[in-house]
file work39.csv (CSV, C-alpha atoms)
chain,number,residue,atom,x,y,z
A,10,MET,CA,-100.9,-29.0,0.9
A,11,ARG,CA,-103.3,-30.5,3.4
A,12,PHE,CA,-104.7,-32.9,0.8
A,13,LEU,CA,-101.2,-33.9,-0.2
A,14,LEU,CA,-100.1,-34.5,3.4
A,15,GLN,CA,-103.2,-36.7,4.0
A,16,LYS,CA,-102.4,-38.8,1.0
A,17,VAL,CA,-98.8,-39.2,1.8
A,18,ALA,CA,-99.6,-40.2,5.4
A,19,PHE,CA,-102.0,-42.8,4.2
A,20,TYR,CA,-99.5,-44.3,1.8
A,21,VAL,CA,-96.8,-44.3,4.4
A,22,VAL,CA,-99.0,-46.4,6.7
A,23,ALA,CA,-100.0,-48.7,3.8
A,24,LEU,CA,-96.3,-49.2,3.0
A,25,TRP,CA,-95.5,-50.1,6.6
A,26,ALA,CA,-98.4,-52.7,6.6
A,27,ALA,CA,-97.1,-54.1,3.3
A,28,LEU,CA,-93.6,-54.4,4.6
A,29,THR,CA,-94.8,-56.2,7.7
A,30,LEU,CA,-96.8,-58.7,5.6
A,31,ASN,CA,-93.8,-59.0,3.3
A,32,PHE,CA,-91.7,-60.1,6.3
A,33,PHE,CA,-94.2,-62.7,7.7
A,34,LEU,CA,-95.8,-64.3,4.7
A,35,PRO,CA,-92.6,-66.1,3.4
A,36,ARG,CA,-91.9,-67.4,6.9
A,37,TRP,CA,-95.4,-68.9,7.1
A,38,MET,CA,-94.8,-70.9,3.9
A,39,PRO,CA,-93.6,-74.5,4.2
A,40,GLY,CA,-90.0,-75.1,3.6
A,41,ASN,CA,-86.8,-73.4,4.5
A,42,PRO,CA,-84.2,-71.8,2.2
A,43,VAL,CA,-81.4,-72.7,4.5
A,44,ASP,CA,-82.2,-76.4,4.2
A,45,MET,CA,-82.3,-76.1,0.4
A,46,MET,CA,-78.9,-74.4,0.4
A,47,LEU,CA,-77.5,-77.0,2.7
A,48,SER,CA,-78.9,-79.8,0.5
A,49,LYS,CA,-77.0,-78.3,-2.4
A,50,LEU,CA,-73.8,-78.1,-0.4
A,51,ALA,CA,-74.2,-81.6,1.0
A,52,GLN,CA,-73.9,-83.0,-2.5
A,53,LYS,CA,-70.3,-82.0,-2.5
A,54,GLY,CA,-69.5,-83.2,1.0
A,55,PRO,CA,-70.5,-83.0,4.7
A,56,VAL,CA,-71.7,-79.6,6.1
A,57,SER,CA,-70.8,-78.5,9.6
A,58,PRO,CA,-73.2,-76.8,12.1
A,59,GLU,CA,-71.0,-73.7,11.8
A,60,ALA,CA,-71.8,-73.6,8.1
A,61,ARG,CA,-75.5,-73.7,8.8
A,62,SER,CA,-75.2,-70.7,11.1
A,63,ALA,CA,-73.2,-68.8,8.5
A,64,ILE,CA,-75.8,-69.5,5.8
A,65,GLU,CA,-78.6,-68.4,8.1
A,66,LEU,CA,-76.8,-65.1,8.8
A,67,LEU,CA,-76.1,-64.7,5.0
A,68,LEU,CA,-79.8,-65.3,4.1
A,69,GLY,CA,-81.2,-63.3,7.0
A,70,THR,CA,-83.1,-66.3,8.5
A,71,ASN,CA,-81.3,-66.6,11.8
A,72,SER,CA,-83.7,-69.0,13.6
A,73,SER,CA,-81.9,-68.5,17.0
A,74,ALA,CA,-82.9,-64.8,17.1
A,75,PRO,CA,-86.4,-63.8,18.3
A,76,ILE,CA,-88.9,-63.0,15.6
A,77,TRP,CA,-89.1,-59.3,16.6
A,78,GLU,CA,-85.4,-59.0,16.3
A,79,GLN,CA,-85.5,-60.5,12.9
A,80,TYR,CA,-88.3,-58.1,12.0
A,81,PHE,CA,-86.5,-54.9,13.0
A,82,ASP,CA,-83.3,-56.2,11.4
A,83,TYR,CA,-85.3,-56.8,8.2
A,84,LEU,CA,-86.7,-53.2,8.2
A,85,GLY,CA,-83.3,-51.8,8.8
A,86,LYS,CA,-81.8,-53.6,5.8
A,87,VAL,CA,-84.7,-52.7,3.6
A,88,PHE,CA,-84.3,-49.0,4.2
A,89,ALA,CA,-80.6,-49.4,3.7
A,90,GLY,CA,-81.2,-51.0,0.3
A,91,ASP,CA,-79.8,-54.4,1.4
A,92,PHE,CA,-82.2,-57.1,0.3
A,93,GLY,CA,-79.8,-60.0,1.0
A,94,VAL,CA,-78.5,-62.8,-1.1
A,95,SER,CA,-80.7,-64.9,-3.5
A,96,VAL,CA,-80.9,-68.6,-3.0
A,97,ALA,CA,-82.2,-69.3,-6.4
A,98,TYR,CA,-79.5,-67.3,-8.1
A,99,PHE,CA,-76.7,-67.8,-5.6
A,100,PRO,CA,-74.3,-66.0,-5.1
A,101,ALA,CA,-76.0,-63.1,-6.8
A,102,SER,CA,-77.7,-60.5,-4.5
A,103,VAL,CA,-81.4,-59.8,-4.6
A,104,GLY,CA,-80.7,-56.3,-5.9
A,105,ASP,CA,-78.7,-57.6,-8.8
A,106,VAL,CA,-81.4,-60.1,-9.8
A,107,ILE,CA,-84.2,-57.4,-9.6
A,108,GLY,CA,-82.1,-54.9,-11.4
A,109,ARG,CA,-81.4,-57.4,-14.2
A,110,THR,CA,-85.0,-58.6,-14.7
A,111,LEU,CA,-87.2,-55.6,-13.8
A,112,PRO,CA,-86.3,-53.5,-17.0
A,113,TRP,CA,-87.5,-56.5,-19.1
A,114,THR,CA,-90.8,-56.5,-17.4
A,115,ILE,CA,-91.3,-52.8,-17.5
A,116,GLY,CA,-90.3,-52.6,-21.1
A,117,LEU,CA,-92.7,-55.4,-22.2
A,118,ILE,CA,-95.7,-55.4,-19.8
A,119,GLY,CA,-95.6,-51.7,-19.0
A,120,ILE,CA,-95.5,-50.5,-22.6
A,121,ALA,CA,-98.1,-53.0,-23.7
A,122,THR,CA,-100.4,-51.9,-20.9
A,123,VAL,CA,-100.1,-48.3,-21.9
A,124,ILE,CA,-100.7,-49.1,-25.5
A,125,SER,CA,-103.8,-51.1,-24.7
A,126,PHE,CA,-105.2,-48.3,-22.4
A,127,VAL,CA,-104.6,-45.5,-24.9
A,128,LEU,CA,-106.0,-47.6,-27.8
A,129,GLY,CA,-109.0,-48.7,-25.8
A,130,ILE,CA,-109.8,-45.2,-24.6
A,131,VAL,CA,-109.6,-43.7,-28.1
A,132,LEU,CA,-111.7,-46.4,-29.7
A,133,GLY,CA,-114.2,-46.5,-26.8
A,134,GLN,CA,-114.6,-42.7,-27.1
A,135,LEU,CA,-115.4,-43.0,-30.8
A,136,ALA,CA,-117.7,-45.9,-30.3
A,137,GLY,CA,-119.6,-44.1,-27.6
A,138,TRP,CA,-119.8,-40.9,-29.7
A,139,LYS,CA,-121.1,-42.8,-32.7
A,140,ARG,CA,-123.4,-45.4,-31.2
A,141,GLY,CA,-124.6,-48.1,-33.6
A,142,SER,CA,-121.6,-47.8,-35.9
A,143,TRP,CA,-119.4,-50.7,-36.9
A,144,LEU,CA,-116.9,-49.8,-34.2
A,145,ASP,CA,-119.6,-49.9,-31.6
A,146,ASN,CA,-120.8,-53.3,-32.9
A,147,PHE,CA,-117.2,-54.6,-32.8
A,148,ILE,CA,-116.8,-54.2,-29.1
A,149,PRO,CA,-118.4,-57.6,-28.2
A,150,VAL,CA,-115.6,-59.2,-30.3
A,151,THR,CA,-112.9,-57.5,-28.3
A,152,THR,CA,-114.5,-58.4,-25.0
A,153,MET,CA,-114.7,-62.0,-26.1
A,154,PHE,CA,-110.9,-62.1,-26.3
A,155,GLN,CA,-110.7,-60.7,-22.8
A,156,SER,CA,-112.9,-63.6,-21.5
A,157,VAL,CA,-110.5,-66.1,-23.0
A,158,PRO,CA,-107.9,-67.4,-20.5
A,159,TYR,CA,-104.7,-65.5,-21.1
A,160,PHE,CA,-102.4,-68.5,-21.3
A,161,TRP,CA,-104.7,-70.1,-23.8
A,162,LEU,CA,-104.7,-67.1,-26.0
A,163,ALA,CA,-100.9,-66.8,-25.7
A,164,LEU,CA,-100.5,-70.5,-26.7
A,165,ILE,CA,-102.8,-70.0,-29.7
A,166,LEU,CA,-100.8,-67.0,-30.9
A,167,LEU,CA,-97.6,-68.9,-30.3
A,168,PHE,CA,-98.9,-71.8,-32.4
A,169,PHE,CA,-99.9,-69.7,-35.4
A,170,PHE,CA,-97.4,-66.8,-35.4
A,171,GLY,CA,-94.5,-68.7,-33.9
A,172,SER,CA,-94.7,-72.3,-34.9
A,173,MET,CA,-96.9,-72.5,-38.1
A,174,TRP,CA,-96.1,-69.2,-39.9
A,175,ARG,CA,-92.8,-68.5,-38.1
A,176,LEU,CA,-93.3,-64.8,-38.0
A,177,PHE,CA,-92.1,-64.4,-34.5
A,178,PRO,CA,-89.7,-66.3,-32.2
A,179,LEU,CA,-91.2,-68.8,-29.7
A,180,ASN,CA,-89.3,-67.7,-26.6
A,181,GLY,CA,-86.6,-65.5,-25.1
A,182,GLY,CA,-86.0,-61.8,-24.8
A,183,TYR,CA,-83.5,-61.3,-27.7
A,184,ASP,CA,-81.4,-63.3,-30.1
A,185,VAL,CA,-78.5,-64.5,-27.8
A,186,TYR,CA,-76.6,-65.9,-30.8
A,187,THR,CA,-76.2,-62.8,-32.9
A,188,THR,CA,-76.5,-59.9,-30.5
A,189,SER,CA,-75.4,-58.9,-27.0
A,190,PRO,CA,-77.0,-56.4,-24.6
A,191,GLY,CA,-76.1,-52.8,-25.4
A,192,LEU,CA,-77.5,-49.5,-26.7
A,193,ASP,CA,-77.1,-50.4,-30.4
A,194,TRP,CA,-79.8,-50.8,-33.0
A,195,ASP,CA,-79.1,-54.6,-33.5
A,196,PHE,CA,-79.9,-55.3,-29.9
A,197,ILE,CA,-82.9,-52.9,-29.7
A,198,GLY,CA,-84.3,-54.3,-32.9
A,199,SER,CA,-83.9,-57.9,-31.6
A,200,VAL,CA,-85.7,-56.9,-28.3
A,201,LEU,CA,-88.6,-55.4,-30.2
A,202,TYR,CA,-88.9,-58.4,-32.4
A,203,TYR,CA,-88.9,-60.9,-29.6
A,204,GLY,CA,-91.3,-58.8,-27.5
A,205,ALA,CA,-93.8,-58.1,-30.3
A,206,LEU,CA,-95.8,-61.3,-29.9
A,207,PRO,CA,-96.1,-61.1,-26.0
A,208,ALA,CA,-97.0,-57.5,-26.3
A,209,LEU,CA,-99.6,-58.3,-29.0
A,210,THR,CA,-101.1,-60.9,-26.7
A,211,ILE,CA,-101.4,-58.4,-23.8
A,212,VAL,CA,-103.0,-55.8,-26.1
A,213,ILE,CA,-105.6,-58.2,-27.6
A,214,SER,CA,-106.6,-59.6,-24.2
A,215,SER,CA,-107.0,-56.2,-22.4
A,216,VAL,CA,-108.1,-53.6,-25.0
A,217,GLY,CA,-111.7,-54.8,-25.0
A,218,GLY,CA,-112.2,-53.9,-21.3
A,219,TRP,CA,-110.9,-50.4,-21.8
A,220,MET,CA,-113.1,-49.9,-24.9
A,221,LEU,CA,-116.3,-51.2,-23.2
A,222,GLY,CA,-115.8,-49.1,-20.1
A,223,MET,CA,-115.0,-45.9,-22.0
A,224,ARG,CA,-117.9,-46.5,-24.4
A,225,ASN,CA,-120.4,-46.9,-21.6
A,226,MET,CA,-119.2,-43.9,-19.8
A,227,MET,CA,-119.3,-41.8,-23.0
A,228,VAL,CA,-123.0,-42.9,-23.5
A,229,SER,CA,-123.8,-41.9,-19.9
A,230,THR,CA,-121.9,-38.6,-20.1
A,231,LEU,CA,-123.5,-37.6,-23.5
A,232,SER,CA,-126.9,-37.6,-21.8
A,233,GLU,CA,-125.9,-34.9,-19.3
A,234,ASP,CA,-127.4,-31.4,-19.4
A,235,TYR,CA,-124.0,-29.6,-20.0
A,236,ILE,CA,-123.6,-31.6,-23.2
A,237,LEU,CA,-126.9,-30.4,-24.4
A,238,THR,CA,-125.9,-26.8,-23.4
A,239,ALA,CA,-122.7,-27.1,-25.3
A,240,GLU,CA,-124.6,-28.3,-28.4
A,241,ALA,CA,-127.0,-25.4,-28.1
A,242,LYS,CA,-124.1,-23.0,-28.0
A,243,GLY,CA,-123.1,-24.2,-31.4
A,244,LEU,CA,-119.7,-25.7,-30.4
A,245,LYS,CA,-117.9,-27.9,-32.8
A,246,PRO,CA,-118.7,-31.7,-32.4
A,247,ARG,CA,-115.0,-32.5,-32.0
A,248,ARG,CA,-114.7,-30.1,-29.1
A,249,ILE,CA,-117.8,-31.4,-27.4
A,250,MET,CA,-116.6,-35.0,-27.8
A,251,THR,CA,-113.1,-34.4,-26.4
A,252,THR,CA,-113.3,-31.4,-24.0
A,253,TYR,CA,-116.7,-31.9,-22.5
A,254,ALA,CA,-117.7,-35.6,-22.9
A,255,ALA,CA,-114.4,-37.6,-23.0
A,256,ARG,CA,-112.7,-35.6,-20.2
A,257,ASN,CA,-115.4,-36.6,-17.7
A,258,ALA,CA,-116.0,-40.1,-19.1
A,259,VAL,CA,-112.3,-41.0,-18.8
A,260,LEU,CA,-112.1,-40.5,-15.0
A,261,PRO,CA,-113.1,-44.0,-13.9
A,262,SER,CA,-110.8,-45.5,-16.5
A,263,VAL,CA,-107.9,-43.5,-15.2
A,264,ALA,CA,-108.4,-45.0,-11.7
A,265,GLY,CA,-108.5,-48.5,-13.3
A,266,PHE,CA,-105.4,-47.7,-15.3
A,267,ALA,CA,-103.5,-46.9,-12.1
A,268,ILE,CA,-104.4,-50.3,-10.7
A,269,SER,CA,-103.4,-52.0,-13.9
A,270,LEU,CA,-100.1,-50.1,-14.1
A,271,GLY,CA,-99.3,-50.9,-10.5
A,272,PHE,CA,-99.9,-54.6,-11.0
A,273,VAL,CA,-97.7,-54.7,-14.1
A,274,VAL,CA,-95.0,-56.5,-12.1
A,275,ALA,CA,-97.5,-58.9,-10.4
A,276,GLY,CA,-99.3,-59.7,-13.6
A,277,SER,CA,-96.2,-60.5,-15.6
A,278,ILE,CA,-95.8,-64.1,-14.3
A,279,VAL,CA,-98.1,-65.8,-16.8
A,280,THR,CA,-96.8,-63.8,-19.7
A,281,GLU,CA,-93.1,-64.5,-19.0
A,282,VAL,CA,-93.6,-68.1,-18.2
A,283,VAL,CA,-95.5,-68.8,-21.5
A,284,PHE,CA,-93.0,-66.9,-23.6
A,285,SER,CA,-90.0,-67.8,-21.5
A,286,TYR,CA,-89.3,-64.1,-21.1
A,287,PRO,CA,-86.4,-63.0,-18.8
A,288,GLY,CA,-88.4,-60.7,-16.6
A,289,ILE,CA,-89.2,-60.3,-12.9
A,290,GLY,CA,-92.2,-62.7,-13.2
A,291,SER,CA,-89.9,-65.6,-14.1
A,292,ALA,CA,-87.6,-64.6,-11.2
A,293,LEU,CA,-90.6,-64.6,-8.8
A,294,LEU,CA,-91.7,-68.0,-9.9
A,295,GLN,CA,-88.1,-69.3,-9.4
A,296,ALA,CA,-88.0,-67.7,-6.0
A,297,VAL,CA,-91.3,-69.4,-4.9
A,298,SER,CA,-90.2,-72.8,-6.1
A,299,SER,CA,-86.9,-72.4,-4.2
A,300,ASN,CA,-88.3,-70.9,-1.0
A,301,ASP,CA,-86.0,-67.9,-1.6
A,302,TYR,CA,-87.2,-65.6,1.2
A,303,SER,CA,-84.9,-62.7,0.3
A,304,LEU,CA,-85.8,-62.6,-3.4
A,305,MET,CA,-89.5,-63.0,-2.7
A,306,GLN,CA,-89.4,-60.1,-0.2
A,307,GLY,CA,-87.5,-58.0,-2.7
A,308,ILE,CA,-89.9,-58.6,-5.6
A,309,PHE,CA,-93.0,-58.2,-3.3
A,310,LEU,CA,-91.5,-54.9,-2.2
A,311,VAL,CA,-91.2,-53.8,-5.8
A,312,ILE,CA,-94.8,-54.8,-6.4
A,313,THR,CA,-95.9,-52.9,-3.4
A,314,LEU,CA,-94.0,-49.7,-4.3
A,315,SER,CA,-95.4,-49.9,-7.9
A,316,VAL,CA,-99.0,-50.3,-6.7
A,317,LEU,CA,-98.7,-47.5,-4.1
A,318,GLY,CA,-96.8,-45.2,-6.3
A,319,ALA,CA,-99.2,-45.6,-9.2
A,320,ASN,CA,-102.2,-45.0,-7.0
A,321,LEU,CA,-100.6,-41.9,-5.4
A,322,LEU,CA,-99.8,-40.5,-8.8
A,323,VAL,CA,-103.3,-41.0,-10.0
A,324,ASP,CA,-104.7,-39.4,-6.8
A,325,LEU,CA,-102.6,-36.4,-7.5
A,326,LEU,CA,-103.5,-36.5,-11.2
A,327,TYR,CA,-107.2,-36.5,-10.3
A,328,THR,CA,-106.8,-33.0,-8.8
A,329,LEU,CA,-105.7,-31.8,-12.2
A,330,ILE,CA,-108.3,-33.6,-14.3
A,331,ASP,CA,-111.3,-33.1,-12.0
A,332,PRO,CA,-111.4,-29.6,-10.3
A,333,ARG,CA,-114.2,-31.0,-8.0
A,334,THR,CA,-111.6,-33.0,-6.1
A,335,ARG,CA,-109.6,-29.8,-5.4
A,336,ALA,CA,-112.7,-28.2,-4.0
A,337,ARG,CA,-113.4,-31.1,-1.6
A,338,ALA,CA,-109.7,-31.3,-0.6

call {"tool": "encode", "arguments": {"input": "work39.csv", "output": "structure tokens"}}
result
Amino acid sequence: MRFLLQKVAFYVVALWAALTLNFFLPRWMPGNPVDMMLSKLAQKGPVSPEARSAIELLLGTNSSAPIWEQYFDYLGKVFAGDFGVSVAYFPASVGDVIGRTLPWTIGLIGIATVISFVLGIVLGQLAGWKRGSWLDNFIPVTTMFQSVPYFWLALILLFFFGSMWRLFPLNGGYDVYTTSPGLDWDFIGSVLYYGALPALTIVISSVGGWMLGMRNMMVSTLSEDYILTAEAKGLKPRRIMTTYAARNAVLPSVAGFAISLGFVVAGSIVTEVVFSYPGIGSALLQAVSSNDYSLMQGIFLVITLSVLGANLLVDLLYTLIDPRTRARA
């Protein structure tokens, strides 16, 4: 319980610091969302000073109020679940924009990250167990794909699989002409079909790192004395590989997986821009280009919560995987 309380207290302080930065960073950027909104309204006619004050109150950027008052007002609205109105998607609220785009990002980037992690750990475990095999020699090829810039790899796959061979669509999240969002097999099949190529790009570009890390940890773990003792006891090789070697070798990868899983939202921008995918990364890019404070703050908050939540989950998971952490706690 003491260990749990210490962890929760640390993440509460980290959340407060992130919320504070989340408030100030957009306001330090050049530009003003109120001016952008007024420029759109001015195209249809003159705008009165009262309209400017109303828009400032609507967007939560009341320049006449002191900064500390704006800060506490912002914290109060965040804890009340009110993230304001989006300028880029006006008149939609920030909560509606995030609720509409976040499932696409989690469904694509999140599942692809989990697949690449599991695949890399399993293959890296086998490569470390059987050093010098074809699988071990194949690891440099996978790491080569990781060193290639992601957007370049995505464009290459788009050219061959989308444009030349026409196996997958070039953009979008589903077929908007033949299906509509819903829990039916036509829509689900269309989503899987449109997300296959972006997911394949993510897996190809990231599986090599997981394989290499797990392989090197397996080689280091197999030289430990307790592995030699397990072999001397006559235990089956499969049990030694999984229960004794892989369980300890996977610990650093679990920590790295938590960071990768937490940054699923933040790392989705390039993926969604290249494939024109309707996720939260595209919404963040639109918010930055429109100086949409409210939407940026809402998306940054989602990123913060995902990173902190993933790291807290792994900290707690460590106590189950590694009994030594429970002893220290």

call {"tool": "residues_around", "arguments": {"input": "work39.csv", "residues": "segment 120-128 of chain A", "least_positions_apart": "6", "cutoff": "12 Å", "atoms": "only C-alpha atoms", "output": "JSON, numbers by chain"}}
result
{"A": [112, 113, 114, 134, 135, 151, 155, 201, 204, 205, 206, 207, 208, 209, 210, 211, 212, 213, 214, 215, 216, 217, 218, 219, 220, 221, 222, 223, 259, 262, 263, 264, 265, 266, 267, 268, 269, 270, 271, 272, 273, 274, 276, 277, 280]}

call {"tool": "atom_distance", "arguments": {"input": "work39.csv", "atom1": "atom CA of Leu166 of chain A", "atom2": "atom CA of Leu117 of chain A"}}
result
16.6 Å

call {"tool": "residues_near_point", "arguments": {"input": "work39.csv", "point": "(-100.7, -34.2, -6.1)", "cutoff": "10 Å", "atoms": "all atoms listed in the file", "output": "count of residues only"}}
result
16

call {"tool": "residues_around", "arguments": {"input": "work39.csv", "residues": "Val87 of chain A", "least_positions_apart": "2", "cutoff": "12 Å", "atoms": "all atoms listed in the file", "output": "number ranges by chain"}}
result
A: 25, 28-29, 31-32, 69, 80-85, 89-93, 103-104, 303, 306-307, 310-311

call {"tool": "atom_distance", "arguments": {"input": "work39.csv", "atom1": "atom CA of Glu233 of chain A", "atom2": "atom CA of Ala258 of chain A"}}
result
11.2 Å

call {"tool": "atom_distance", "arguments": {"input": "work39.csv", "atom1": "atom CA of Ser95 of chain A", "atom2": "atom CA of Leu304 of chain A"}}
result
5.6 Å

call {"tool": "closest_residue", "arguments": {"input": "work39.csv", "among": "A:Leu144, A:Val131, A:Ala23, A:Ile308", "to": "Gly290 of chain A", "atoms": "all atoms listed in the file"}}
result
A:Ile308

call {"tool": "residues_around", "arguments": {"input": "work39.csv", "residues": "Tyr202 of chain A", "least_positions_apart": "3", "cutoff": "9 Å", "atoms": "all atoms listed in the file", "output": "list of chain:residue names"}}
result
A:Phe177, A:Pro178, A:Gly182, A:Tyr183, A:Ile197, A:Gly198, A:Ser199, A:Ala205, A:Leu206

call {"tool": "write_last_selection", "arguments": {"input": "work39.csv", "atoms": "C-alpha atoms", "output": "compact mmCIF listing (two decimals), in the frame of the given file"}}
result
# COMPACT_ATOMS: atom_id res chain seq x y z
CA PHE A 177 -92.10 -64.40 -34.50
CA PRO A 178 -89.70 -66.30 -32.20
CA GLY A 182 -86.00 -61.80 -24.80
CA TYR A 183 -83.50 -61.30 -27.70
CA ILE A 197 -82.90 -52.90 -29.70
CA GLY A 198 -84.30 -54.30 -32.90
CA SER A 199 -83.90 -57.90 -31.60
CA ALA A 205 -93.80 -58.10 -30.30
CA LEU A 206 -95.80 -61.30 -29.90

call {"tool": "residues_around", "arguments": {"input": "work39.csv", "residues": "Ala292 of chain A", "least_positions_apart": "4", "cutoff": "8 Å", "atoms": "only C-alpha atoms", "output": "number ranges by chain"}}
result
A: 106, 110, 287-288, 296

call {"tool": "residues_around", "arguments": {"input": "work39.csv", "residues": "Val228 of chain A", "least_positions_apart": "4", "cutoff": "8 Å", "atoms": "all atoms listed in the file", "output": "VMD selection string"}}
result
chain A and resid 137 to 138 224 232

call {"tool": "closest_residue", "arguments": {"input": "work39.csv", "among": "A:Ala27, A:Ala60, A:Leu47, A:Val96", "to": "Asn300 of chain A", "atoms": "all atoms listed in the file"}}
result
A:Val96

call {"tool": "decode", "arguments": {"input": "work39.csv", "residues": "segment 252-270 of chain A", "atoms": "N, CA and C atoms", "output": "PDB file, in the first residue's frame"}}
result
ATOM      1  N   THR A 252      10.228 -19.701 -18.830  1.00  0.00           N
ATOM      2  CA  THR A 252      10.033 -19.388 -17.417  1.00  0.00           C
ATOM      3  C   THR A 252      11.247 -18.723 -16.799  1.00  0.00           C
ATOM      4  N   TYR A 253      12.442 -19.172 -17.159  1.00  0.00           N
ATOM      5  CA  TYR A 253      13.650 -18.670 -16.509  1.00  0.00           C
ATOM      6  C   TYR A 253      14.313 -17.548 -17.300  1.00  0.00           C
ATOM      7  N   ALA A 254      14.497 -17.742 -18.586  1.00  0.00           N
ATOM      8  CA  ALA A 254      15.244 -16.754 -19.380  1.00  0.00           C
ATOM      9  C   ALA A 254      14.358 -15.603 -19.864  1.00  0.00           C
ATOM     10  N   ALA A 255      13.280 -15.939 -20.567  1.00  0.00           N
ATOM     11  CA  ALA A 255      12.455 -14.892 -21.181  1.00  0.00           C
ATOM     12  C   ALA A 255      11.768 -14.013 -20.146  1.00  0.00           C
ATOM     13  N   ARG A 256      11.355 -14.567 -19.025  1.00  0.00           N
ATOM     14  CA  ARG A 256      10.647 -13.770 -18.013  1.00  0.00           C
ATOM     15  C   ARG A 256      11.525 -12.643 -17.478  1.00  0.00           C
ATOM     16  N   ASN A 257      12.811 -12.902 -17.315  1.00  0.00           N
ATOM     17  CA  ASN A 257      13.717 -11.856 -16.845  1.00  0.00           C
ATOM     18  C   ASN A 257      14.208 -10.961 -17.981  1.00  0.00           C
ATOM     19  N   ALA A 258      14.374 -11.530 -19.158  1.00  0.00           N
ATOM     20  CA  ALA A 258      14.879 -10.748 -20.281  1.00  0.00           C
ATOM     21  C   ALA A 258      13.856  -9.737 -20.790  1.00  0.00           C
ATOM     22  N   VAL A 259      12.574  -9.983 -20.551  1.00  0.00           N
ATOM     23  CA  VAL A 259      11.534  -9.128 -21.103  1.00  0.00           C
ATOM     24  C   VAL A 259      11.303  -7.859 -20.282  1.00  0.00           C
ATOM     25  N   LEU A 260      11.873  -7.789 -19.068  1.00  0.00           N
ATOM     26  CA  LEU A 260      11.593  -6.657 -18.183  1.00  0.00           C
ATOM     27  C   LEU A 260      11.939  -5.301 -18.798  1.00  0.00           C
ATOM     28  N   PRO A 261      13.134  -5.108 -19.370  1.00  0.00           N
ATOM     29  CA  PRO A 261      13.404  -3.794 -20.002  1.00  0.00           C
ATOM     30  C   PRO A 261      12.462  -3.489 -21.161  1.00  0.00           C
ATOM     31  N   SER A 262      12.058  -4.518 -21.897  1.00  0.00           N
ATOM     32  CA  SER A 262      11.144  -4.302 -23.017  1.00  0.00           C
ATOM     33  C   SER A 262       9.767  -3.880 -22.537  1.00  0.00           C
ATOM     34  N   VAL A 263       9.348  -4.378 -21.384  1.00  0.00           N
ATOM     35  CA  VAL A 263       8.047  -3.982 -20.842  1.00  0.00           C
ATOM     36  C   VAL A 263       8.038  -2.490 -20.532  1.00  0.00           C
ATOM     37  N   ALA A 264       9.125  -1.990 -19.952  1.00  0.00           N
ATOM     38  CA  ALA A 264       9.214  -0.555 -19.671  1.00  0.00           C
ATOM     39  C   ALA A 264       9.187   0.252 -20.970  1.00  0.00           C
ATOM     40  N   GLY A 265       9.916  -0.210 -21.977  1.00  0.00           N
ATOM     41  CA  GLY A 265       9.894   0.477 -23.266  1.00  0.00           C
ATOM     42  C   GLY A 265       8.541   0.408 -23.935  1.00  0.00           C
ATOM     43  N   PHE A 266       7.829  -0.709 -23.732  1.00  0.00           N
ATOM     44  CA  PHE A 266       6.495  -0.842 -24.302  1.00  0.00           C
ATOM     45  C   PHE A 266       5.529   0.139 -23.668  1.00  0.00           C
ATOM     46  N   ALA A 267       5.681   0.396 -22.371  1.00  0.00           N
ATOM     47  CA  ALA A 267       4.813   1.359 -21.696  1.00  0.00           C
ATOM     48  C   ALA A 267       4.984   2.743 -22.292  1.00  0.00           C
ATOM     49  N   ILE A 268       6.234   3.123 -22.549  1.00  0.00           N
ATOM     50  CA  ILE A 268       6.474   4.430 -23.149  1.00  0.00           C
ATOM     51  C   ILE A 268       5.891   4.492 -24.562  1.00  0.00           C
ATOM     52  N   SER A 269       6.081   3.425 -25.335  1.00  0.00           N
ATOM     53  CA  SER A 269       5.543   3.396 -26.696  1.00  0.00           C
ATOM     54  C   SER A 269       4.028   3.437 -26.692  1.00  0.00           C
ATOM     55  N   LEU A 270       3.414   2.702 -25.762  1.00  0.00           N
ATOM     56  CA  LEU A 270       1.960   2.684 -25.689  1.00  0.00           C
ATOM     57  C   LEU A 270       1.422   4.032 -25.240  1.00  0.00           C
TER      58      LEU A 270
END
